[in-house]
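Next up, work-v4.pdb (PDB, C-alpha atoms, pLDDT in the B column):
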ATOM      1  CA  MET V  29      -1.278   3.709   4.473  1.00 44.00           C
ATOM      2  CA  ALA V  30      -2.033   6.304   1.848  1.00 44.00           C
ATOM      3  CA  THR V  31      -5.501   7.780   1.725  1.00 45.00           C
ATOM      4  CA  ARG V  32      -7.200   6.883  -1.546  1.00 46.00           C
ATOM      5  CA  THR V  33     -10.531   7.762  -3.080  1.00 51.00           C
ATOM      6  CA  ASP V  34     -10.517   4.931  -5.645  1.00 67.00           C
ATOM      7  CA  ALA V  35     -10.966   1.238  -4.900  1.00 74.00           C
ATOM      8  CA  PRO V  36      -7.974  -0.476  -3.309  1.00 80.00           C
ATOM      9  CA  THR V  37      -5.946  -2.824  -5.469  1.00 90.00           C
ATOM     10  CA  ARG V  38      -5.825  -6.535  -4.694  1.00 88.00           C
ATOM     11  CA  ARG V  39      -2.322  -6.026  -3.288  1.00 91.00           C
ATOM     12  CA  GLU V  40      -3.596  -3.284  -0.953  1.00 92.00           C
ATOM     13  CA  GLN V  41      -6.498  -5.500   0.127  1.00 93.00           C
ATOM     14  CA  ILE V  42      -4.066  -8.289   0.953  1.00 95.00           C
ATOM     15  CA  LEU V  43      -1.861  -5.958   2.993  1.00 95.00           C
ATOM     16  CA  LYS V  44      -4.820  -4.528   4.898  1.00 94.00           C
ATOM     17  CA  GLU V  45      -6.138  -7.967   5.848  1.00 95.00           C
ATOM     18  CA  ALA V  46      -2.648  -9.253   6.641  1.00 95.00           C
ATOM     19  CA  ALA V  47      -2.113  -6.291   8.989  1.00 95.00           C
ATOM     20  CA  ARG V  48      -5.438  -6.933  10.703  1.00 94.00           C
ATOM     21  CA  LEU V  49      -4.828 -10.662  11.109  1.00 96.00           C
ATOM     22  CA  PHE V  50      -1.190 -10.276  12.191  1.00 95.00           C
ATOM     23  CA  ALA V  51      -2.240  -7.668  14.775  1.00 93.00           C
ATOM     24  CA  GLU V  52      -5.032  -9.887  16.103  1.00 93.00           C
ATOM     25  CA  ARG V  53      -3.191 -13.217  16.254  1.00 94.00           C
ATOM     26  CA  GLY V  54       0.493 -12.528  15.755  1.00 93.00           C
ATOM     27  CA  PHE V  55       2.637 -13.074  12.695  1.00 94.00           C
ATOM     28  CA  HIS V  56       3.171 -16.796  13.360  1.00 93.00           C
ATOM     29  CA  GLY V  57      -0.477 -17.315  14.279  1.00 94.00           C
ATOM     30  CA  VAL V  58      -1.714 -16.558  10.757  1.00 95.00           C
ATOM     31  CA  GLY V  59      -1.256 -18.660   7.643  1.00 92.00           C
ATOM     32  CA  VAL V  60      -1.311 -17.582   4.020  1.00 91.00           C
ATOM     33  CA  ASP V  61      -4.541 -19.540   3.524  1.00 91.00           C
ATOM     34  CA  GLU V  62      -6.286 -17.355   6.127  1.00 93.00           C
ATOM     35  CA  ILE V  63      -5.015 -14.153   4.526  1.00 94.00           C
ATOM     36  CA  GLY V  64      -6.133 -15.401   1.125  1.00 92.00           C
ATOM     37  CA  ALA V  65      -9.568 -16.347   2.447  1.00 92.00           C
ATOM     38  CA  ALA V  66      -9.972 -12.858   3.944  1.00 93.00           C
ATOM     39  CA  VAL V  67      -9.611 -11.317   0.473  1.00 92.00           C
ATOM     40  CA  GLY V  68     -11.371 -14.054  -1.472  1.00 92.00           C
ATOM     41  CA  ILE V  69      -8.429 -15.820  -3.094  1.00 91.00           C
ATOM     42  CA  SER V  70      -6.599 -19.056  -2.384  1.00 86.00           C
ATOM     43  CA  GLY V  71      -3.563 -19.009  -0.131  1.00 79.00           C
ATOM     44  CA  PRO V  72      -1.268 -20.001  -3.021  1.00 82.00           C
ATOM     45  CA  GLY V  73      -2.843 -17.162  -5.032  1.00 85.00           C
ATOM     46  CA  LEU V  74      -1.134 -14.744  -2.660  1.00 88.00           C
ATOM     47  CA  TYR V  75       2.202 -15.742  -4.145  1.00 89.00           C
ATOM     48  CA  ARG V  76       1.282 -13.886  -7.329  1.00 91.00           C
ATOM     49  CA  HIS V  77       1.475 -10.706  -5.226  1.00 92.00           C
ATOM     50  CA  PHE V  78       4.048 -11.504  -2.513  1.00 93.00           C
ATOM     51  CA  PRO V  79       6.820 -14.098  -2.161  1.00 93.00           C
ATOM     52  CA  GLY V  80       5.540 -14.905   1.341  1.00 90.00           C
ATOM     53  CA  LYS V  81       4.392 -13.591   4.709  1.00 92.00           C
ATOM     54  CA  ASP V  82       7.799 -12.087   5.465  1.00 94.00           C
ATOM     55  CA  ALA V  83       7.495  -9.874   2.390  1.00 95.00           C
ATOM     56  CA  MET V  84       4.022  -8.747   3.490  1.00 95.00           C
ATOM     57  CA  LEU V  85       5.293  -7.840   6.942  1.00 96.00           C
ATOM     58  CA  ALA V  86       8.240  -5.930   5.489  1.00 96.00           C
ATOM     59  CA  GLU V  87       6.044  -4.010   3.068  1.00 96.00           C
ATOM     60  CA  LEU V  88       3.613  -3.122   5.850  1.00 97.00           C
ATOM     61  CA  LEU V  89       6.222  -1.856   8.307  1.00 97.00           C
ATOM     62  CA  VAL V  90       8.603  -0.193   5.850  1.00 97.00           C
ATOM     63  CA  GLY V  91       5.599   1.145   3.950  1.00 96.00           C
ATOM     64  CA  ILE V  92       3.942   2.871   6.891  1.00 96.00           C
ATOM     65  CA  SER V  93       7.226   4.429   8.023  1.00 97.00           C
ATOM     66  CA  ASP V  94       7.820   5.729   4.504  1.00 97.00           C
ATOM     67  CA  SER V  95       4.235   6.939   4.237  1.00 97.00           C
ATOM     68  CA  LEU V  96       4.457   8.874   7.514  1.00 97.00           C
ATOM     69  CA  LEU V  97       7.698  10.566   6.455  1.00 98.00           C
ATOM     70  CA  THR V  98       6.425  11.373   2.964  1.00 98.00           C
ATOM     71  CA  GLY V  99       3.207  12.787   4.401  1.00 97.00           C
ATOM     72  CA  ALA V 100       5.116  14.903   6.928  1.00 98.00           C
ATOM     73  CA  LYS V 101       7.352  16.336   4.194  1.00 98.00           C
ATOM     74  CA  ARG V 102       4.289  17.137   2.103  1.00 97.00           C
ATOM     75  CA  ARG V 103       2.607  18.872   5.043  1.00 97.00           C
ATOM     76  CA  LEU V 104       5.741  20.880   5.716  1.00 96.00           C
ATOM     77  CA  ALA V 105       5.862  22.003   2.073  1.00 96.00           C
ATOM     78  CA  GLU V 106       2.139  22.782   1.844  1.00 96.00           C
ATOM     79  CA  ASP V 107       1.703  24.489   5.225  1.00 93.00           C
ATOM     80  CA  GLY V 108       5.148  26.068   5.628  1.00 89.00           C
ATOM     81  CA  ALA V 109       4.026  29.456   4.335  1.00 92.00           C
ATOM     82  CA  ALA V 110       1.393  29.601   7.103  1.00 95.00           C
ATOM     83  CA  GLY V 111       4.097  29.403   9.772  1.00 95.00           C
ATOM     84  CA  SER V 112       5.555  26.817  12.121  1.00 96.00           C
ATOM     85  CA  GLU V 113       2.467  26.708  14.380  1.00 96.00           C
ATOM     86  CA  ALA V 114       0.339  25.686  11.394  1.00 97.00           C
ATOM     87  CA  VAL V 115       2.907  23.087  10.342  1.00 97.00           C
ATOM     88  CA  LEU V 116       2.983  21.609  13.849  1.00 98.00           C
ATOM     89  CA  ASP V 117      -0.813  21.378  13.895  1.00 98.00           C
ATOM     90  CA  SER V 118      -0.756  19.762  10.461  1.00 98.00           C
ATOM     91  CA  LEU V 119       1.871  17.211  11.538  1.00 98.00           C
ATOM     92  CA  ILE V 120      -0.197  16.349  14.603  1.00 98.00           C
ATOM     93  CA  GLU V 121      -3.326  15.941  12.456  1.00 98.00           C
ATOM     94  CA  GLY V 122      -1.471  13.657  10.042  1.00 97.00           C
ATOM     95  CA  HIS V 123      -0.169  11.430  12.821  1.00 98.00           C
ATOM     96  CA  ILE V 124      -3.612  11.309  14.439  1.00 97.00           C
ATOM     97  CA  ASP V 125      -5.079  10.180  11.112  1.00 96.00           C
ATOM     98  CA  PHE V 126      -2.536   7.354  11.060  1.00 96.00           C
ATOM     99  CA  ALA V 127      -3.123   6.476  14.723  1.00 94.00           C
ATOM    100  CA  LEU V 128      -6.899   6.264  14.277  1.00 92.00           C
ATOM    101  CA  ASP V 129      -7.051   4.766  10.791  1.00 91.00           C
ATOM    102  CA  ASP V 130      -4.158   2.292  10.931  1.00 92.00           C
ATOM    103  CA  ARG V 131      -4.370   0.956  14.473  1.00 91.00           C
ATOM    104  CA  PRO V 132      -3.417  -2.615  13.440  1.00 93.00           C
ATOM    105  CA  LEU V 133      -0.131  -1.296  12.033  1.00 94.00           C
ATOM    106  CA  ILE V 134       0.779   0.231  15.401  1.00 94.00           C
ATOM    107  CA  THR V 135       0.172  -3.114  17.101  1.00 93.00           C
ATOM    108  CA  LEU V 136       2.071  -4.888  14.343  1.00 94.00           C
ATOM    109  CA  HIS V 137       5.048  -2.549  14.684  1.00 93.00           C
ATOM    110  CA  ASP V 138       5.149  -3.010  18.465  1.00 93.00           C
ATOM    111  CA  ARG V 139       5.003  -6.800  18.276  1.00 93.00           C
ATOM    112  CA  GLU V 140       6.665  -7.832  15.050  1.00 94.00           C
ATOM    113  CA  LEU V 141       9.401  -5.316  14.127  1.00 94.00           C
ATOM    114  CA  ASP V 142      12.083  -7.735  15.345  1.00 94.00           C
ATOM    115  CA  ARG V 143      10.866 -10.351  12.837  1.00 92.00           C
ATOM    116  CA  LEU V 144      11.981  -8.232   9.878  1.00 95.00           C
ATOM    117  CA  ARG V 145      15.199  -8.994   8.063  1.00 95.00           C
ATOM    118  CA  ASP V 146      18.034  -6.767   9.274  1.00 96.00           C
ATOM    119  CA  ALA V 147      17.992  -4.626   6.115  1.00 97.00           C
ATOM    120  CA  ASP V 148      14.236  -3.985   6.389  1.00 97.00           C
ATOM    121  CA  ARG V 149      14.436  -3.260  10.112  1.00 96.00           C
ATOM    122  CA  LYS V 150      17.277  -0.789   9.495  1.00 97.00           C
ATOM    123  CA  MET V 151      15.203   0.890   6.798  1.00 98.00           C
ATOM    124  CA  VAL V 152      12.262   1.266   9.202  1.00 97.00           C
ATOM    125  CA  ARG V 153      14.543   2.775  11.843  1.00 97.00           C
ATOM    126  CA  GLN V 154      16.145   5.146   9.328  1.00 98.00           C
ATOM    127  CA  LEU V 155      12.757   6.393   8.111  1.00 98.00           C
ATOM    128  CA  GLN V 156      11.552   6.793  11.686  1.00 98.00           C
ATOM    129  CA  ARG V 157      14.630   8.839  12.641  1.00 98.00           C
ATOM    130  CA  GLN V 158      14.045  11.163   9.696  1.00 98.00           C
ATOM    131  CA  TYR V 159      10.386  11.520  10.704  1.00 98.00           C
ATOM    132  CA  VAL V 160      11.324  12.374  14.293  1.00 98.00           C
ATOM    133  CA  GLU V 161      13.955  14.900  13.187  1.00 98.00           C
ATOM    134  CA  LEU V 162      11.464  16.652  10.931  1.00 98.00           C
ATOM    135  CA  TRP V 163       9.140  17.064  13.923  1.00 98.00           C
ATOM    136  CA  VAL V 164      12.019  18.190  16.157  1.00 98.00           C
ATOM    137  CA  GLY V 165      12.906  20.934  13.667  1.00 97.00           C
ATOM    138  CA  VAL V 166       9.343  22.216  13.524  1.00 98.00           C
ATOM    139  CA  LEU V 167       8.901  22.034  17.290  1.00 98.00           C
ATOM    140  CA  ARG V 168      12.067  24.068  17.841  1.00 97.00           C
ATOM    141  CA  GLU V 169      10.759  26.705  15.436  1.00 97.00           C
ATOM    142  CA  VAL V 170       7.589  26.972  17.528  1.00 97.00           C
ATOM    143  CA  TYR V 171       9.580  26.985  20.796  1.00 97.00           C
ATOM    144  CA  PRO V 172      13.034  28.463  19.958  1.00 96.00           C
ATOM    145  CA  ALA V 173      14.315  28.163  23.535  1.00 94.00           C
ATOM    146  CA  LEU V 174      13.689  24.417  23.559  1.00 96.00           C
ATOM    147  CA  ALA V 175      16.933  22.438  23.490  1.00 96.00           C
ATOM    148  CA  GLU V 176      17.240  19.724  20.868  1.00 96.00           C
ATOM    149  CA  PRO V 177      17.329  16.771  23.326  1.00 96.00           C
ATOM    150  CA  ALA V 178      14.218  18.070  25.108  1.00 96.00           C
ATOM    151  CA  ALA V 179      12.444  18.577  21.788  1.00 97.00           C
ATOM    152  CA  ARG V 180      13.321  15.038  20.694  1.00 97.00           C
ATOM    153  CA  SER V 181      12.096  13.633  23.996  1.00 97.00           C
ATOM    154  CA  ALA V 182       8.856  15.611  23.681  1.00 97.00           C
ATOM    155  CA  VAL V 183       8.282  14.313  20.141  1.00 98.00           C
ATOM    156  CA  HIS V 184       8.803  10.703  21.246  1.00 97.00           C
ATOM    157  CA  SER V 185       6.449  11.260  24.199  1.00 96.00           C
ATOM    158  CA  VAL V 186       3.722  12.651  21.954  1.00 97.00           C
ATOM    159  CA  PHE V 187       4.172   9.733  19.557  1.00 97.00           C
ATOM    160  CA  GLY V 188       3.681   7.436  22.548  1.00 95.00           C
ATOM    161  CA  LEU V 189       0.464   9.249  23.387  1.00 95.00           C
ATOM    162  CA  LEU V 190      -0.880   9.208  19.843  1.00 96.00           C
ATOM    163  CA  ASN V 191       0.218   5.626  19.182  1.00 95.00           C
ATOM    164  CA  SER V 192      -1.659   4.416  22.258  1.00 92.00           C
ATOM    165  CA  THR V 193      -4.882   4.264  20.211  1.00 87.00           C
ATOM    166  CA  PRO V 194      -4.866   0.433  19.937  1.00 84.00           C
ATOM    167  CA  HIS V 195      -5.218   0.393  23.733  1.00 80.00           C
ATOM    168  CA  LEU V 196      -8.198   2.777  23.829  1.00 75.00           C
ATOM    169  CA  GLY V 197     -10.661  -0.049  23.242  1.00 68.00           C
ATOM    170  CA  ARG V 198     -12.342  -1.434  20.182  1.00 65.00           C
ATOM    171  CA  PRO V 199     -12.953   1.079  17.369  1.00 58.00           C
ATOM    172  CA  GLY V 200     -16.688   1.257  18.164  1.00 64.00           C
ATOM    173  CA  SER V 201     -16.025   1.992  21.828  1.00 67.00           C
ATOM    174  CA  LEU V 202     -14.368   5.358  21.173  1.00 68.00           C
ATOM    175  CA  PRO V 203     -16.536   8.493  21.451  1.00 76.00           C
ATOM    176  CA  GLY V 204     -16.412   9.144  17.710  1.00 84.00           C
ATOM    177  CA  ARG V 205     -13.548   9.891  15.367  1.00 86.00           C
ATOM    178  CA  ALA V 206     -13.901  13.686  15.386  1.00 91.00           C
ATOM    179  CA  VAL V 207     -14.124  13.886  19.178  1.00 91.00           C
ATOM    180  CA  THR V 208     -11.208  11.477  19.660  1.00 90.00           C
ATOM    181  CA  ALA V 209      -9.066  13.303  17.087  1.00 94.00           C
ATOM    182  CA  SER V 210      -9.794  16.665  18.711  1.00 95.00           C
ATOM    183  CA  LEU V 211      -8.954  15.348  22.171  1.00 94.00           C
ATOM    184  CA  LEU V 212      -5.687  13.779  20.964  1.00 95.00           C
ATOM    185  CA  HIS V 213      -4.751  17.005  19.196  1.00 97.00           C
ATOM    186  CA  ARG V 214      -5.341  19.111  22.324  1.00 97.00           C
ATOM    187  CA  MET V 215      -3.363  16.647  24.436  1.00 96.00           C
ATOM    188  CA  ALA V 216      -0.429  16.693  21.985  1.00 97.00           C
ATOM    189  CA  ARG V 217      -0.355  20.490  21.836  1.00 97.00           C
ATOM    190  CA  GLY V 218      -0.653  20.625  25.621  1.00 96.00           C
ATOM    191  CA  ALA V 219       2.313  18.281  26.033  1.00 95.00           C
ATOM    192  CA  PHE V 220       4.433  20.305  23.614  1.00 96.00           C
ATOM    193  CA  GLY V 221       3.391  23.531  25.296  1.00 94.00           C
ATOM    194  CA  ALA V 222       4.290  22.227  28.741  1.00 93.00           C
ATOM    195  CA  VAL V 223       7.794  21.358  27.557  1.00 92.00           C
ATOM    196  CA  GLY V 224       8.289  24.374  25.311  1.00 81.00           C
ATOM    197  CA  GLU V 225       7.093  26.971  27.773  1.00 81.00           C
ATOM    198  CA  GLY V 226       8.253  25.256  30.969  1.00 66.00           C
TER     199      GLY V 226
END
Output the file's structure in the form of structure tokens.
Amino acid sequence: MATRTDAPTRREQILKEAARLFAERGFHGVGVDEIGAAVGISGPGLYRHFPGKDAMLAELLVGISDSLLTGAKRRLAEDGAAGSEAVLDSLIEGHIDFALDDRPLITLHDRELDRLRDADRKMVRQLQRQYVELWVGVLREVYPALAEPAARSAVHSVFGLLNSTPHLGRPGSLPGRAVTASLLHRMARGAFGAVGEG
């Protein structure tokens, strides 16, 4: 989800709590009354913001895929002048921010993507493909000898590594955000280096 310095809107609060609850108990294990209670409104009050739980799930999963792609494009534009190494580092940092800050969305994506309507699921997949291809292009600039299939496989492998954060334990059990982010970054660069230079 987008980083903001101002207070989240009611809609954003609802989505954040819905993501947390869906990740903890599953989409069908959570009712609108529970989501409403988590943000201090009645369950029926949610319908002023969303037509139902399905719409919340779609907005969460399409939204994070769109946010990742938009952020990657912005990083490419902002850091491109510094060279492809800097862009790759920036992309890794952006995905680490997502992986550490939006852990419920990773769990939600893994468990509930198939519950989306076909059109929404196709949109998620389309955005994800564009995100992967952006990374593949940058990676091949850093390692020009790397074939496209190998680069794509390496990108998916690094995403698997970075998206494993929900399985690292509860948020308080990690060694600290800065240490965890640094470790993940070194591991991602190491994985890319092993493929690119191997």
Exercise for review: Name every residue that the PyMOL selection byres ((chain V and resi 119) around 12) selects in this structure, writing the answer as an MDAnalysis selection string with chains first and numbers rising.
Suggested key: chainID V and resid 96:108 112:118 120:126 159:160 162:167 183 186:187 190 213 216:217
Exercise for review: Would you work out the distance separating CA of Ala109 (chain V) from CA of Arg168 (chain V), expressed in Å to one decimal?
Suggested key: 16.6 Å
Practice item. Tell me, as a VMD selection string, which residues lie within 10 Å of Leu144 (chain V), counting only C-alpha atoms; anything in the same chain fewer than 2 positions away does not count. Key: chain V and resid 82 to 83 85 to 87 89 to 90 140 to 142 146 to 150 152
Got a sec to resolve the PyMOL selection byres ((chain V and resi 223) around 8) on this structure and send the residues as a PDB file with C-alpha atoms, keeping the file's coordinate frame?
ATOM      1  CA  LEU V 174      13.689  24.417  23.559  1.00 96.00           C
ATOM      2  CA  ALA V 178      14.218  18.070  25.108  1.00 96.00           C
ATOM      3  CA  ALA V 179      12.444  18.577  21.788  1.00 97.00           C
ATOM      4  CA  ALA V 182       8.856  15.611  23.681  1.00 97.00           C
ATOM      5  CA  ALA V 219       2.313  18.281  26.033  1.00 95.00           C
ATOM      6  CA  PHE V 220       4.433  20.305  23.614  1.00 96.00           C
ATOM      7  CA  GLY V 221       3.391  23.531  25.296  1.00 94.00           C
ATOM      8  CA  ALA V 222       4.290  22.227  28.741  1.00 93.00           C
ATOM      9  CA  GLY V 224       8.289  24.374  25.311  1.00 81.00           C
ATOM     10  CA  GLU V 225       7.093  26.971  27.773  1.00 81.00           C
ATOM     11  CA  GLY V 226       8.253  25.256  30.969  1.00 66.00           C
TER      12      GLY V 226
END
Check your understanding: Please, what distance in Å, to one decimal, runs between CA of Leu49 (chain V) and CA of Gly91 (chain V)?
Key ->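 The value is 17.3 Å.
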Would you mind completing region 184-219 of chain V to N, CA and C atoms and writing the output as a short mmCIF file (atom, residue, chain, number, x, y, z; two decimals), keeping the file's coordinate frame?
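After the write, result-v8.cif holds the following:
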data_model
loop_
_atom_site.label_atom_id
_atom_site.label_comp_id
_atom_site.auth_asym_id
_atom_site.auth_seq_id
_atom_site.Cartn_x
_atom_site.Cartn_y
_atom_site.Cartn_z
N HIS V 184 9.00 12.13 20.96
CA HIS V 184 8.80 10.70 21.25
C HIS V 184 7.65 10.50 22.24
N SER V 185 7.53 11.37 23.21
CA SER V 185 6.45 11.26 24.20
C SER V 185 5.09 11.45 23.54
N VAL V 186 5.00 12.42 22.65
CA VAL V 186 3.72 12.65 21.95
C VAL V 186 3.41 11.48 21.03
N PHE V 187 4.42 10.92 20.38
CA PHE V 187 4.17 9.73 19.56
C PHE V 187 3.63 8.60 20.43
N GLY V 188 4.19 8.46 21.63
CA GLY V 188 3.68 7.44 22.55
C GLY V 188 2.22 7.66 22.88
N LEU V 189 1.86 8.91 23.11
CA LEU V 189 0.46 9.25 23.39
C LEU V 189 -0.42 8.90 22.19
N LEU V 190 -0.05 9.40 21.03
CA LEU V 190 -0.88 9.21 19.84
C LEU V 190 -0.93 7.74 19.42
N ASN V 191 0.17 7.03 19.59
CA ASN V 191 0.22 5.63 19.18
C ASN V 191 -0.40 4.69 20.22
N SER V 192 -0.99 5.25 21.26
CA SER V 192 -1.66 4.42 22.26
C SER V 192 -3.08 4.04 21.82
N THR V 193 -3.50 4.50 20.65
CA THR V 193 -4.88 4.26 20.21
C THR V 193 -5.30 2.79 20.19
N PRO V 194 -4.40 1.83 19.88
CA PRO V 194 -4.87 0.43 19.94
C PRO V 194 -5.30 0.02 21.33
N HIS V 195 -4.89 0.75 22.35
CA HIS V 195 -5.22 0.39 23.73
C HIS V 195 -6.42 1.17 24.26
N LEU V 196 -7.04 1.98 23.40
CA LEU V 196 -8.20 2.78 23.83
C LEU V 196 -9.50 2.00 23.78
N GLY V 197 -9.45 0.76 23.37
CA GLY V 197 -10.66 -0.05 23.24
C GLY V 197 -10.94 -0.34 21.78
N ARG V 198 -11.96 -1.12 21.55
CA ARG V 198 -12.34 -1.43 20.18
C ARG V 198 -12.77 -0.16 19.46
N PRO V 199 -12.62 -0.13 18.12
CA PRO V 199 -12.95 1.08 17.37
C PRO V 199 -14.34 1.63 17.68
N GLY V 200 -15.34 0.79 17.86
CA GLY V 200 -16.69 1.26 18.16
C GLY V 200 -16.86 1.80 19.57
N SER V 201 -15.89 1.55 20.44
CA SER V 201 -16.02 1.99 21.83
C SER V 201 -15.51 3.41 22.05
N LEU V 202 -14.85 3.98 21.05
CA LEU V 202 -14.37 5.36 21.17
C LEU V 202 -15.53 6.33 20.99
N PRO V 203 -15.41 7.56 21.50
CA PRO V 203 -16.54 8.49 21.45
C PRO V 203 -16.88 9.02 20.07
N GLY V 204 -16.21 8.64 19.07
CA GLY V 204 -16.41 9.14 17.71
C GLY V 204 -15.10 9.70 17.21
N ARG V 205 -14.85 9.53 15.91
CA ARG V 205 -13.55 9.89 15.37
C ARG V 205 -13.22 11.36 15.57
N ALA V 206 -14.17 12.25 15.28
CA ALA V 206 -13.90 13.69 15.39
C ALA V 206 -13.58 14.09 16.82
N VAL V 207 -14.35 13.56 17.77
CA VAL V 207 -14.12 13.89 19.18
C VAL V 207 -12.78 13.34 19.64
N THR V 208 -12.48 12.09 19.28
CA THR V 208 -11.21 11.48 19.66
C THR V 208 -10.04 12.23 19.04
N ALA V 209 -10.15 12.58 17.76
CA ALA V 209 -9.07 13.30 17.09
C ALA V 209 -8.84 14.66 17.75
N SER V 210 -9.92 15.36 18.07
CA SER V 210 -9.79 16.66 18.71
C SER V 210 -9.13 16.55 20.08
N LEU V 211 -9.54 15.55 20.85
CA LEU V 211 -8.95 15.35 22.17
C LEU V 211 -7.46 15.03 22.06
N LEU V 212 -7.10 14.13 21.14
CA LEU V 212 -5.69 13.78 20.96
C LEU V 212 -4.87 15.00 20.54
N HIS V 213 -5.46 15.81 19.66
CA HIS V 213 -4.75 17.00 19.20
C HIS V 213 -4.50 17.97 20.36
N ARG V 214 -5.51 18.21 21.18
CA ARG V 214 -5.34 19.11 22.32
C ARG V 214 -4.31 18.56 23.30
N MET V 215 -4.33 17.25 23.52
CA MET V 215 -3.36 16.65 24.44
C MET V 215 -1.94 16.78 23.89
N ALA V 216 -1.76 16.57 22.58
CA ALA V 216 -0.43 16.69 21.98
C ALA V 216 0.07 18.12 22.09
N ARG V 217 -0.78 19.09 21.74
CA ARG V 217 -0.36 20.49 21.84
C ARG V 217 -0.08 20.87 23.29
N GLY V 218 -0.88 20.34 24.21
CA GLY V 218 -0.65 20.62 25.62
C GLY V 218 0.69 20.08 26.10
N ALA V 219 1.02 18.87 25.65
CA ALA V 219 2.31 18.28 26.03
C ALA V 219 3.47 19.09 25.47
#
